[in-house]
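J.: A single structure is presented below for examination.
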Amino acid sequence: MRTTTIAEPLRTFIERIPKAELHLHLEGGAMYPTTALNLAKRNGMTLPFFDEASAEDYYRFSGLDEFIEILRATVATLNTAADYQTVTEVIGEAAAKQNIWYHELFFTFGLVSPRGVSWQAIIEGITAGRRTNRERFGVETRFIADIDRTTDADTGLKMVELVAACSNETGIVGIGLDCQEAGYPPGRHKAGFMRAKELGLHRVAHAGEDGGPTSVWEALKELDVERVDHGVQAIEDPELVKYLAKQQIPLTVCPISNIELKVFPQMSAHPLPALIEAGCLVTINSDDPPMFDTDMTHDLFAITETFGFDVAQIERFARNSFQATFMSNEEKTLYLSRFDAEVSALKQELFGVA
Ligand code: ADE
Ligand code: ZN
């Protein structure tokens, strides 16, 4: 894992502050070299790496398109309900270590369905996995079913109907859109998103990672999304930034992912401070942590190192995430009051002031 130069007590504050994570993929988010190699062995296949060092070499990307190609190859290790249970629990355990109380994980049926993996196997595995996460790790896991945007509209719509047929026990709260963005504008999946709206499902989309501000506008206008995943290229269009800020549409920003996928050349060029300055509701997330050698805590370290964020700003990022979840209002009130009490106690302990 990358190291940090953040000094105490800020470092401990970042490590221990209660967290909610809203942009983390079940597949790429669990592909730690050892997990991926174990899954490969279980499924009688090989991967183009054999240990931590060779995985590090393999996990280098020229941009989003190459990343998704490598992701598709790596997730060939996911086939059965047991595999899906494993990855859900691997992410639950990593969450507990970071004091992540609640997360909404994306899973993308289109990444595995071409190989014949069944929807039922996924649902069985993730339902069992979220039970373990709650009981063993004290982490509340919910899911967002993402449409692989490179598939056609009908495939997207069919996935929405599959989601609608799931029981509450599965914990799916909404639908999203991911994979290669350039060449696949959000409006292609309007039918699926409108059906999801009719069914009362929440809606998000990856946009403005590789498709520019027009992709964000289209996700907002055509898909009626309630949060934008990434959204960072909105910075190229001041009217869009104003709109996002005015409507307080949460952005699930993944700073280290953006650097690893060459959205920006280095962290100092990231528009995060400008988005905050403009009044956008920003949350910080890790996207596919093992593939970017990060986790939510290290994303917070990295932006704090580069931009010199203070305790109040870290607290704002963390609180924004709870605010932007798709929990019910009653649950959100409970989580937020617990959050406020824990953060006050933590500040008292570390800084001598609540
Ligand atoms: N799937 C996993 N990570 C992704 C990302 N950053 N963008 C689009 N699709 C993804
Ligand atoms: Zn993502």
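Chain labels A, B, ... are given in the sequence in which chains occur in the structure tokens; within each chain residues are numbered consecutively from 1, and ligands are likewise numbered from 1 in the order shown.
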Taking 2 positions as the minimum chain separation for residues in the same chain, which residues sit within 12 Å of Ala274 (chain A) when counting only C-alpha atoms? Answer as a VMD selection string.
T.: chain A and resid 232 to 236 238 241 to 242 245 268 to 272 276 to 282 307
J.: Save the residues we just selected, all heavy atoms, as a compact mmCIF listing (two decimals), in the first residue's frame?
T.:
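New file out27.txt:
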```
# COMPACT_ATOMS: atom_id res chain seq x y z
N VAL A 232 -15.92 14.60 -12.56
CA VAL A 232 -14.85 15.59 -12.40
C VAL A 232 -14.58 16.44 -13.65
O VAL A 232 -14.11 17.57 -13.54
CB VAL A 232 -13.54 14.92 -11.92
CG1 VAL A 232 -13.67 14.51 -10.46
CG2 VAL A 232 -13.20 13.69 -12.78
N GLN A 233 -14.90 15.89 -14.83
CA GLN A 233 -14.69 16.70 -16.04
C GLN A 233 -15.74 17.80 -16.19
O GLN A 233 -15.64 18.63 -17.10
CB GLN A 233 -14.68 15.79 -17.29
CG GLN A 233 -13.43 14.91 -17.36
CD GLN A 233 -13.45 13.99 -18.57
OE1 GLN A 233 -14.52 13.53 -18.98
NE2 GLN A 233 -12.28 13.72 -19.13
N ALA A 234 -16.68 17.85 -15.26
CA ALA A 234 -17.63 18.98 -15.22
C ALA A 234 -16.88 20.30 -15.13
O ALA A 234 -17.38 21.34 -15.56
CB ALA A 234 -18.58 18.82 -14.03
N ILE A 235 -15.68 20.23 -14.58
CA ILE A 235 -14.89 21.45 -14.38
C ILE A 235 -14.64 22.20 -15.70
O ILE A 235 -14.39 23.40 -15.69
CB ILE A 235 -13.55 21.09 -13.68
CG1 ILE A 235 -12.98 22.30 -12.95
CG2 ILE A 235 -12.56 20.45 -14.61
CD1 ILE A 235 -13.81 22.78 -11.79
N GLU A 236 -14.77 21.49 -16.83
CA GLU A 236 -14.56 22.14 -18.13
C GLU A 236 -15.74 23.01 -18.54
O GLU A 236 -15.66 23.73 -19.54
CB GLU A 236 -14.33 21.06 -19.22
CG GLU A 236 -13.07 20.24 -19.00
CD GLU A 236 -13.08 18.95 -19.84
OE1 GLU A 236 -13.77 18.91 -20.88
OE2 GLU A 236 -12.39 18.00 -19.45
N PRO A 238 -18.30 25.71 -16.82
CA PRO A 238 -18.71 26.46 -15.62
C PRO A 238 -20.22 26.43 -15.37
O PRO A 238 -20.64 26.40 -14.21
CB PRO A 238 -18.24 27.90 -15.91
CG PRO A 238 -17.18 27.75 -16.96
CD PRO A 238 -17.51 26.54 -17.75
N VAL A 241 -20.94 23.17 -13.58
CA VAL A 241 -20.49 23.21 -12.18
C VAL A 241 -21.51 23.99 -11.34
O VAL A 241 -21.89 23.57 -10.24
CB VAL A 241 -19.07 23.83 -12.05
CG1 VAL A 241 -18.68 24.02 -10.60
CG2 VAL A 241 -18.05 22.94 -12.76
N LYS A 242 -21.97 25.10 -11.90
CA LYS A 242 -22.97 25.92 -11.19
C LYS A 242 -24.25 25.11 -10.94
O LYS A 242 -24.84 25.15 -9.87
CB LYS A 242 -23.32 27.15 -12.06
CG LYS A 242 -22.94 28.47 -11.40
CD LYS A 242 -23.48 29.64 -12.18
CE LYS A 242 -22.35 30.31 -12.96
NZ LYS A 242 -22.82 31.29 -13.94
N ALA A 245 -23.76 22.44 -8.27
CA ALA A 245 -23.69 23.06 -6.94
C ALA A 245 -25.08 23.52 -6.49
O ALA A 245 -25.50 23.26 -5.36
CB ALA A 245 -22.72 24.24 -6.96
N SER A 268 -1.99 17.38 -8.14
CA SER A 268 -2.08 18.85 -8.03
C SER A 268 -2.92 19.44 -9.17
O SER A 268 -3.37 20.58 -9.08
CB SER A 268 -0.68 19.46 -8.01
OG SER A 268 0.02 19.07 -9.16
N ALA A 269 -3.14 18.66 -10.24
CA ALA A 269 -3.97 19.16 -11.36
C ALA A 269 -5.43 18.75 -11.22
O ALA A 269 -6.27 19.05 -12.08
CB ALA A 269 -3.41 18.60 -12.68
N HIS A 270 -5.76 18.04 -10.13
CA HIS A 270 -7.14 17.57 -9.94
C HIS A 270 -8.05 18.75 -9.58
O HIS A 270 -7.66 19.61 -8.78
CB HIS A 270 -7.17 16.50 -8.82
CG HIS A 270 -8.41 15.68 -8.85
ND1 HIS A 270 -9.63 16.16 -8.42
CD2 HIS A 270 -8.63 14.40 -9.25
CE1 HIS A 270 -10.55 15.21 -8.58
NE2 HIS A 270 -9.96 14.13 -9.08
N PRO A 271 -9.27 18.79 -10.12
CA PRO A 271 -10.15 19.95 -9.87
C PRO A 271 -10.89 19.92 -8.53
O PRO A 271 -11.77 20.76 -8.30
CB PRO A 271 -11.15 19.87 -11.02
CG PRO A 271 -11.23 18.43 -11.35
CD PRO A 271 -9.86 17.87 -11.11
N LEU A 272 -10.53 18.98 -7.65
CA LEU A 272 -11.25 18.85 -6.38
C LEU A 272 -11.40 20.18 -5.62
O LEU A 272 -12.53 20.54 -5.24
CB LEU A 272 -10.51 17.80 -5.53
CG LEU A 272 -11.07 17.38 -4.20
CD1 LEU A 272 -12.50 16.86 -4.32
CD2 LEU A 272 -10.17 16.31 -3.60
N ILE A 276 -15.04 22.11 -4.79
CA ILE A 276 -15.45 22.45 -3.42
C ILE A 276 -15.72 23.95 -3.34
O ILE A 276 -16.75 24.39 -2.81
CB ILE A 276 -14.35 22.04 -2.40
CG1 ILE A 276 -14.18 20.52 -2.40
CG2 ILE A 276 -14.70 22.55 -1.00
CD1 ILE A 276 -12.94 20.05 -1.67
N GLU A 277 -14.81 24.72 -3.89
CA GLU A 277 -14.93 26.20 -3.89
C GLU A 277 -16.23 26.64 -4.55
O GLU A 277 -16.89 27.58 -4.11
CB GLU A 277 -13.71 26.76 -4.64
CG GLU A 277 -13.62 28.25 -4.73
CD GLU A 277 -13.43 28.93 -3.36
OE1 GLU A 277 -12.92 28.28 -2.42
OE2 GLU A 277 -13.83 30.10 -3.26
N ALA A 278 -16.64 25.90 -5.59
CA ALA A 278 -17.87 26.26 -6.31
C ALA A 278 -19.13 25.83 -5.56
O ALA A 278 -20.24 26.14 -5.97
CB ALA A 278 -17.85 25.60 -7.70
N GLY A 279 -18.95 25.07 -4.46
CA GLY A 279 -20.11 24.68 -3.65
C GLY A 279 -20.68 23.31 -3.99
O GLY A 279 -21.80 22.98 -3.57
N CYS A 280 -19.93 22.50 -4.76
CA CYS A 280 -20.43 21.15 -5.08
C CYS A 280 -20.40 20.24 -3.85
O CYS A 280 -19.56 20.40 -2.98
CB CYS A 280 -19.57 20.51 -6.18
SG CYS A 280 -19.78 21.32 -7.76
N LEU A 281 -21.30 19.29 -3.84
CA LEU A 281 -21.35 18.30 -2.75
C LEU A 281 -20.43 17.13 -3.13
O LEU A 281 -20.81 16.28 -3.94
CB LEU A 281 -22.79 17.84 -2.53
CG LEU A 281 -23.08 17.20 -1.16
CD1 LEU A 281 -24.58 17.26 -0.88
CD2 LEU A 281 -22.60 15.78 -1.06
N VAL A 282 -19.22 17.17 -2.59
CA VAL A 282 -18.20 16.19 -3.00
C VAL A 282 -18.05 15.09 -1.96
O VAL A 282 -17.97 15.37 -0.76
CB VAL A 282 -16.84 16.91 -3.20
CG1 VAL A 282 -15.73 15.90 -3.46
CG2 VAL A 282 -16.92 17.92 -4.34
N PHE A 307 -3.42 18.99 -1.13
CA PHE A 307 -4.18 20.24 -1.04
C PHE A 307 -4.20 20.85 0.37
O PHE A 307 -4.79 21.92 0.55
CB PHE A 307 -5.61 20.03 -1.55
CG PHE A 307 -5.66 19.54 -2.98
CD1 PHE A 307 -6.16 18.30 -3.31
CD2 PHE A 307 -5.16 20.35 -4.01
CE1 PHE A 307 -6.19 17.85 -4.63
CE2 PHE A 307 -5.18 19.91 -5.34
CZ PHE A 307 -5.69 18.66 -5.65
```
J.: Pull the helix (DSSP H, G or I) assignments for region 14-187 of chain A out of DSSP run on the backbone, and list those residues as a VMD selection string.
T.: chain A and resid 14 to 16 28 to 30 33 to 42 52 to 58 64 to 77 81 to 97 109 to 115 119 to 137 153 to 164 168 to 170 186 to 187
J.: For each of A:Ile303, A:Val228, A:Leu201, A:Leu223, take the minimum atom-to-atom distance to ligand 2, counting only C-alpha atoms and all ligand atoms, then give the residue where this is smallest.
T.: A:Val228
J.: Enumerate residues in contact with ligand 1: an atom-to-atom distance of at most 9 Å, counting only C-alpha atoms and all ligand atoms. Format the result as number ranges by chain.
T.: A: 23-29, 64-65, 67-68, 71, 106-108, 148-149, 177-181, 206-207, 209-210, 229-230, 254, 257-258, 261, 287-288
J.: Include N, CA, C and O atoms and write out the residues we just selected as a compact mmCIF listing (two decimals), in the first residue's frame.
T.:
```
# COMPACT_ATOMS: atom_id res chain seq x y z
N HIS A 23 -18.72 4.79 -3.91
CA HIS A 23 -18.22 4.49 -5.26
C HIS A 23 -17.10 3.46 -5.14
O HIS A 23 -15.92 3.80 -5.00
N LEU A 24 -17.49 2.21 -5.17
CA LEU A 24 -16.57 1.09 -5.00
C LEU A 24 -17.17 -0.09 -5.75
O LEU A 24 -18.34 -0.45 -5.52
N HIS A 25 -16.40 -0.67 -6.65
CA HIS A 25 -16.92 -1.77 -7.49
C HIS A 25 -16.62 -3.12 -6.85
O HIS A 25 -15.48 -3.39 -6.47
N LEU A 26 -17.64 -3.94 -6.79
CA LEU A 26 -17.51 -5.27 -6.18
C LEU A 26 -16.42 -6.10 -6.87
O LEU A 26 -15.68 -6.83 -6.22
N GLU A 27 -16.33 -5.98 -8.19
CA GLU A 27 -15.40 -6.85 -8.94
C GLU A 27 -13.97 -6.31 -8.80
O GLU A 27 -13.14 -6.93 -8.14
N GLY A 28 -13.69 -5.14 -9.37
CA GLY A 28 -12.34 -4.58 -9.28
C GLY A 28 -11.95 -4.26 -7.85
O GLY A 28 -10.77 -4.28 -7.50
N GLY A 29 -12.94 -3.99 -7.02
CA GLY A 29 -12.68 -3.61 -5.63
C GLY A 29 -12.20 -4.75 -4.76
O GLY A 29 -11.79 -4.52 -3.62
N LEU A 64 -8.90 4.86 -19.13
CA LEU A 64 -10.10 4.09 -18.75
C LEU A 64 -10.31 2.87 -19.64
O LEU A 64 -10.60 1.78 -19.16
N ASP A 65 -10.16 3.03 -20.97
CA ASP A 65 -10.47 1.91 -21.86
C ASP A 65 -9.58 0.71 -21.59
O ASP A 65 -10.05 -0.43 -21.52
N PHE A 67 -8.00 0.08 -18.81
CA PHE A 67 -8.36 -0.43 -17.48
C PHE A 67 -9.54 -1.39 -17.57
O PHE A 67 -9.52 -2.48 -16.98
N ILE A 68 -10.57 -1.00 -18.31
CA ILE A 68 -11.77 -1.86 -18.40
C ILE A 68 -11.44 -3.18 -19.10
O ILE A 68 -11.93 -4.24 -18.71
N LEU A 71 -9.78 -5.18 -16.51
CA LEU A 71 -10.81 -5.58 -15.54
C LEU A 71 -11.62 -6.76 -16.06
O LEU A 71 -11.86 -7.74 -15.35
N PHE A 106 -21.10 -1.18 -6.27
CA PHE A 106 -21.59 -1.47 -7.63
C PHE A 106 -21.27 -2.91 -7.98
O PHE A 106 -20.18 -3.40 -7.67
N PHE A 107 -22.20 -3.58 -8.67
CA PHE A 107 -21.80 -4.80 -9.36
C PHE A 107 -22.33 -4.70 -10.79
O PHE A 107 -23.38 -4.10 -11.03
N THR A 108 -21.58 -5.24 -11.73
CA THR A 108 -21.88 -5.04 -13.15
C THR A 108 -22.12 -6.39 -13.80
O THR A 108 -21.16 -7.12 -14.09
N ASP A 148 -23.55 -2.29 -17.85
CA ASP A 148 -22.34 -2.10 -18.66
C ASP A 148 -22.79 -1.26 -19.87
O ASP A 148 -23.57 -1.72 -20.70
N ARG A 149 -22.31 -0.02 -19.92
CA ARG A 149 -22.86 0.91 -20.92
C ARG A 149 -22.54 0.53 -22.36
O ARG A 149 -23.13 1.08 -23.29
N LEU A 177 -24.46 3.00 -14.12
CA LEU A 177 -23.94 2.84 -15.48
C LEU A 177 -22.43 2.94 -15.42
O LEU A 177 -21.91 3.91 -14.83
N ASP A 178 -21.73 1.96 -15.99
CA ASP A 178 -20.26 2.06 -15.93
C ASP A 178 -19.60 1.43 -17.17
O ASP A 178 -20.27 1.21 -18.17
N CYS A 179 -18.33 1.16 -17.08
CA CYS A 179 -17.45 0.67 -18.16
C CYS A 179 -17.08 1.81 -19.13
O CYS A 179 -17.26 2.98 -18.80
N GLN A 180 -16.59 1.44 -20.33
CA GLN A 180 -16.03 2.45 -21.23
C GLN A 180 -17.03 3.58 -21.49
O GLN A 180 -18.18 3.31 -21.85
N GLU A 181 -16.58 4.83 -21.33
CA GLU A 181 -17.50 5.97 -21.45
C GLU A 181 -17.45 6.60 -22.84
O GLU A 181 -18.51 6.91 -23.42
N HIS A 206 -21.83 6.65 -14.00
CA HIS A 206 -20.48 7.15 -14.21
C HIS A 206 -20.57 8.13 -15.38
O HIS A 206 -21.07 7.77 -16.47
N ALA A 207 -20.09 9.33 -15.17
CA ALA A 207 -20.11 10.33 -16.25
C ALA A 207 -19.07 11.40 -15.93
O ALA A 207 -18.83 11.72 -14.76
N GLU A 209 -15.89 11.13 -16.53
CA GLU A 209 -14.59 10.53 -16.21
C GLU A 209 -13.76 10.51 -17.49
O GLU A 209 -12.58 10.82 -17.50
N ASP A 210 -14.45 10.19 -18.60
CA ASP A 210 -13.76 10.07 -19.89
C ASP A 210 -14.64 10.63 -21.02
O ASP A 210 -14.25 10.56 -22.18
N ASP A 229 -21.29 9.68 -10.66
CA ASP A 229 -20.06 8.98 -10.31
C ASP A 229 -18.90 9.57 -11.10
O ASP A 229 -18.95 9.61 -12.33
N HIS A 230 -17.90 10.04 -10.40
CA HIS A 230 -16.79 10.86 -10.90
C HIS A 230 -17.30 12.28 -11.15
O HIS A 230 -17.27 13.09 -10.25
N CYS A 254 -13.25 10.01 -7.11
CA CYS A 254 -12.25 8.97 -6.79
C CYS A 254 -10.88 9.50 -7.21
O CYS A 254 -10.40 9.21 -8.32
N SER A 257 -7.95 7.05 -8.36
CA SER A 257 -8.38 6.41 -9.62
C SER A 257 -8.16 7.38 -10.79
O SER A 257 -7.66 7.00 -11.85
N ASN A 258 -8.55 8.63 -10.60
CA ASN A 258 -8.42 9.63 -11.69
C ASN A 258 -6.97 9.83 -12.11
O ASN A 258 -6.70 10.09 -13.28
N LEU A 261 -5.80 6.48 -13.88
CA LEU A 261 -6.39 6.31 -15.22
C LEU A 261 -6.15 7.53 -16.11
O LEU A 261 -6.79 7.68 -17.16
N ASP A 287 -13.09 3.62 -5.70
CA ASP A 287 -13.34 3.03 -7.02
C ASP A 287 -13.00 1.53 -7.08
O ASP A 287 -13.87 0.70 -6.87
N ASP A 288 -11.76 1.21 -7.39
CA ASP A 288 -11.31 -0.20 -7.45
C ASP A 288 -10.01 -0.30 -6.66
O ASP A 288 -8.92 -0.43 -7.24
```
J.: Which residue, A:Thr35, A:Thr294, A:Thr304, A:Ser286, has the smallest gap to ligand 2 when you use only C-alpha atoms and all ligand atoms?
T.: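 Of the candidates, the smallest distance to ligand 2 is held by A:Ser286.
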J.: Compare A:Pro33, A:Pro185, A:Gly200, A:Gly176 by their minimum atom-to-atom distance to ligand 2, counting only C-alpha atoms and all ligand atoms, and give me the closest one.
T.: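 Counting only C-alpha atoms and all ligand atoms, the residue closest to ligand 2 is A:Gly176.
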J.: Can you tell me, as a PyMOL selection string, which residues in region 166-274 of chain A count as strand (DSSP E or B) by DSSP?
T.: chain A and resi 172-178+202-207+227-230+251-253
J.: Would you write out those residues with C-alpha atoms, as a compact mmCIF listing (two decimals), in the first residue's frame?
T.:
```
# COMPACT_ATOMS: atom_id res chain seq x y z
CA ILE A 172 -30.04 -3.46 -4.03
CA VAL A 173 -30.96 0.21 -3.73
CA GLY A 174 -30.58 1.40 -7.30
CA ILE A 175 -29.07 1.11 -10.74
CA GLY A 176 -26.01 2.71 -12.32
CA LEU A 177 -23.94 2.84 -15.48
CA ASP A 178 -20.26 2.06 -15.93
CA HIS A 202 -32.39 5.13 -7.27
CA ARG A 203 -30.31 6.13 -10.28
CA VAL A 204 -26.62 7.01 -10.68
CA ALA A 205 -24.20 6.97 -13.61
CA HIS A 206 -20.48 7.15 -14.21
CA ALA A 207 -20.11 10.33 -16.25
CA ARG A 227 -25.70 11.31 -8.04
CA VAL A 228 -22.91 11.50 -10.58
CA ASP A 229 -20.06 8.98 -10.31
CA HIS A 230 -16.79 10.86 -10.90
CA LEU A 251 -20.35 13.74 -6.93
CA THR A 252 -18.64 10.48 -5.99
CA VAL A 253 -15.08 11.55 -6.71
```
J.: Between A:Ile284, A:Ala96, A:Leu244, A:Ala345, which is the closest to ligand 2 once you count only C-alpha atoms and all ligand atoms?
T.: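 Distance minimum relative to ligand 2 lands on A:Ile284.
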J.: With only C-alpha atoms as the counted atoms, please give the residues lying no more than 12 Å from Lys347 (chain A), apart from itself and same-chain residues fewer than 4 positions off, as a ChimeraX atom specification.
T.: /A:9-10,12-14,16-17,311-312,314-315,340-343,351-354
J.: Counting only C-alpha atoms, what is within 10 Å of Arg42 (chain A), bar same-chain residues fewer than 6 positions away, as a short mmCIF file (atom, residue, chain, number, x, y, z; two decimals) with N, CA and C atoms, in the first residue's frame?
T.:
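Writing the result to part30.cif gives the following:
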```
data_model
loop_
_atom_site.label_atom_id
_atom_site.label_comp_id
_atom_site.auth_asym_id
_atom_site.auth_seq_id
_atom_site.Cartn_x
_atom_site.Cartn_y
_atom_site.Cartn_z
N ALA A 36 -7.51 -12.59 -6.06
CA ALA A 36 -7.66 -12.93 -7.48
C ALA A 36 -7.02 -14.29 -7.78
N THR A 77 -12.35 -14.52 -13.12
CA THR A 77 -12.22 -15.38 -11.93
C THR A 77 -13.53 -15.49 -11.17
N LEU A 78 -14.53 -14.67 -11.53
CA LEU A 78 -15.81 -14.67 -10.81
C LEU A 78 -16.83 -15.49 -11.59
N ASN A 79 -17.28 -16.58 -11.00
CA ASN A 79 -18.21 -17.44 -11.73
C ASN A 79 -19.39 -17.95 -10.90
N ASP A 83 -18.02 -17.43 -5.26
CA ASP A 83 -17.05 -16.38 -5.66
C ASP A 83 -17.60 -15.00 -5.29
#
```
J.: A:Thr325, A:Thr88, A:Gln120, A:Ser337: which is nearest Val163 (chain A), counting only C-alpha atoms?
T.: A:Gln120
J.: Using Å and a single decimal, report how far CA of Glu104 (chain A) sits from CA of Leu22 (chain A).
T.: 5.1 Å
J.: So how far away is CA of Val263 (chain A) from CA of Ala76 (chain A), in Å?
T.: 26.2 Å
J.: Please, what distance in Å, to one decimal, runs between CA of Ala318 (chain A) and CA of Thr283 (chain A)?
T.: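 The value is 7.1 Å.
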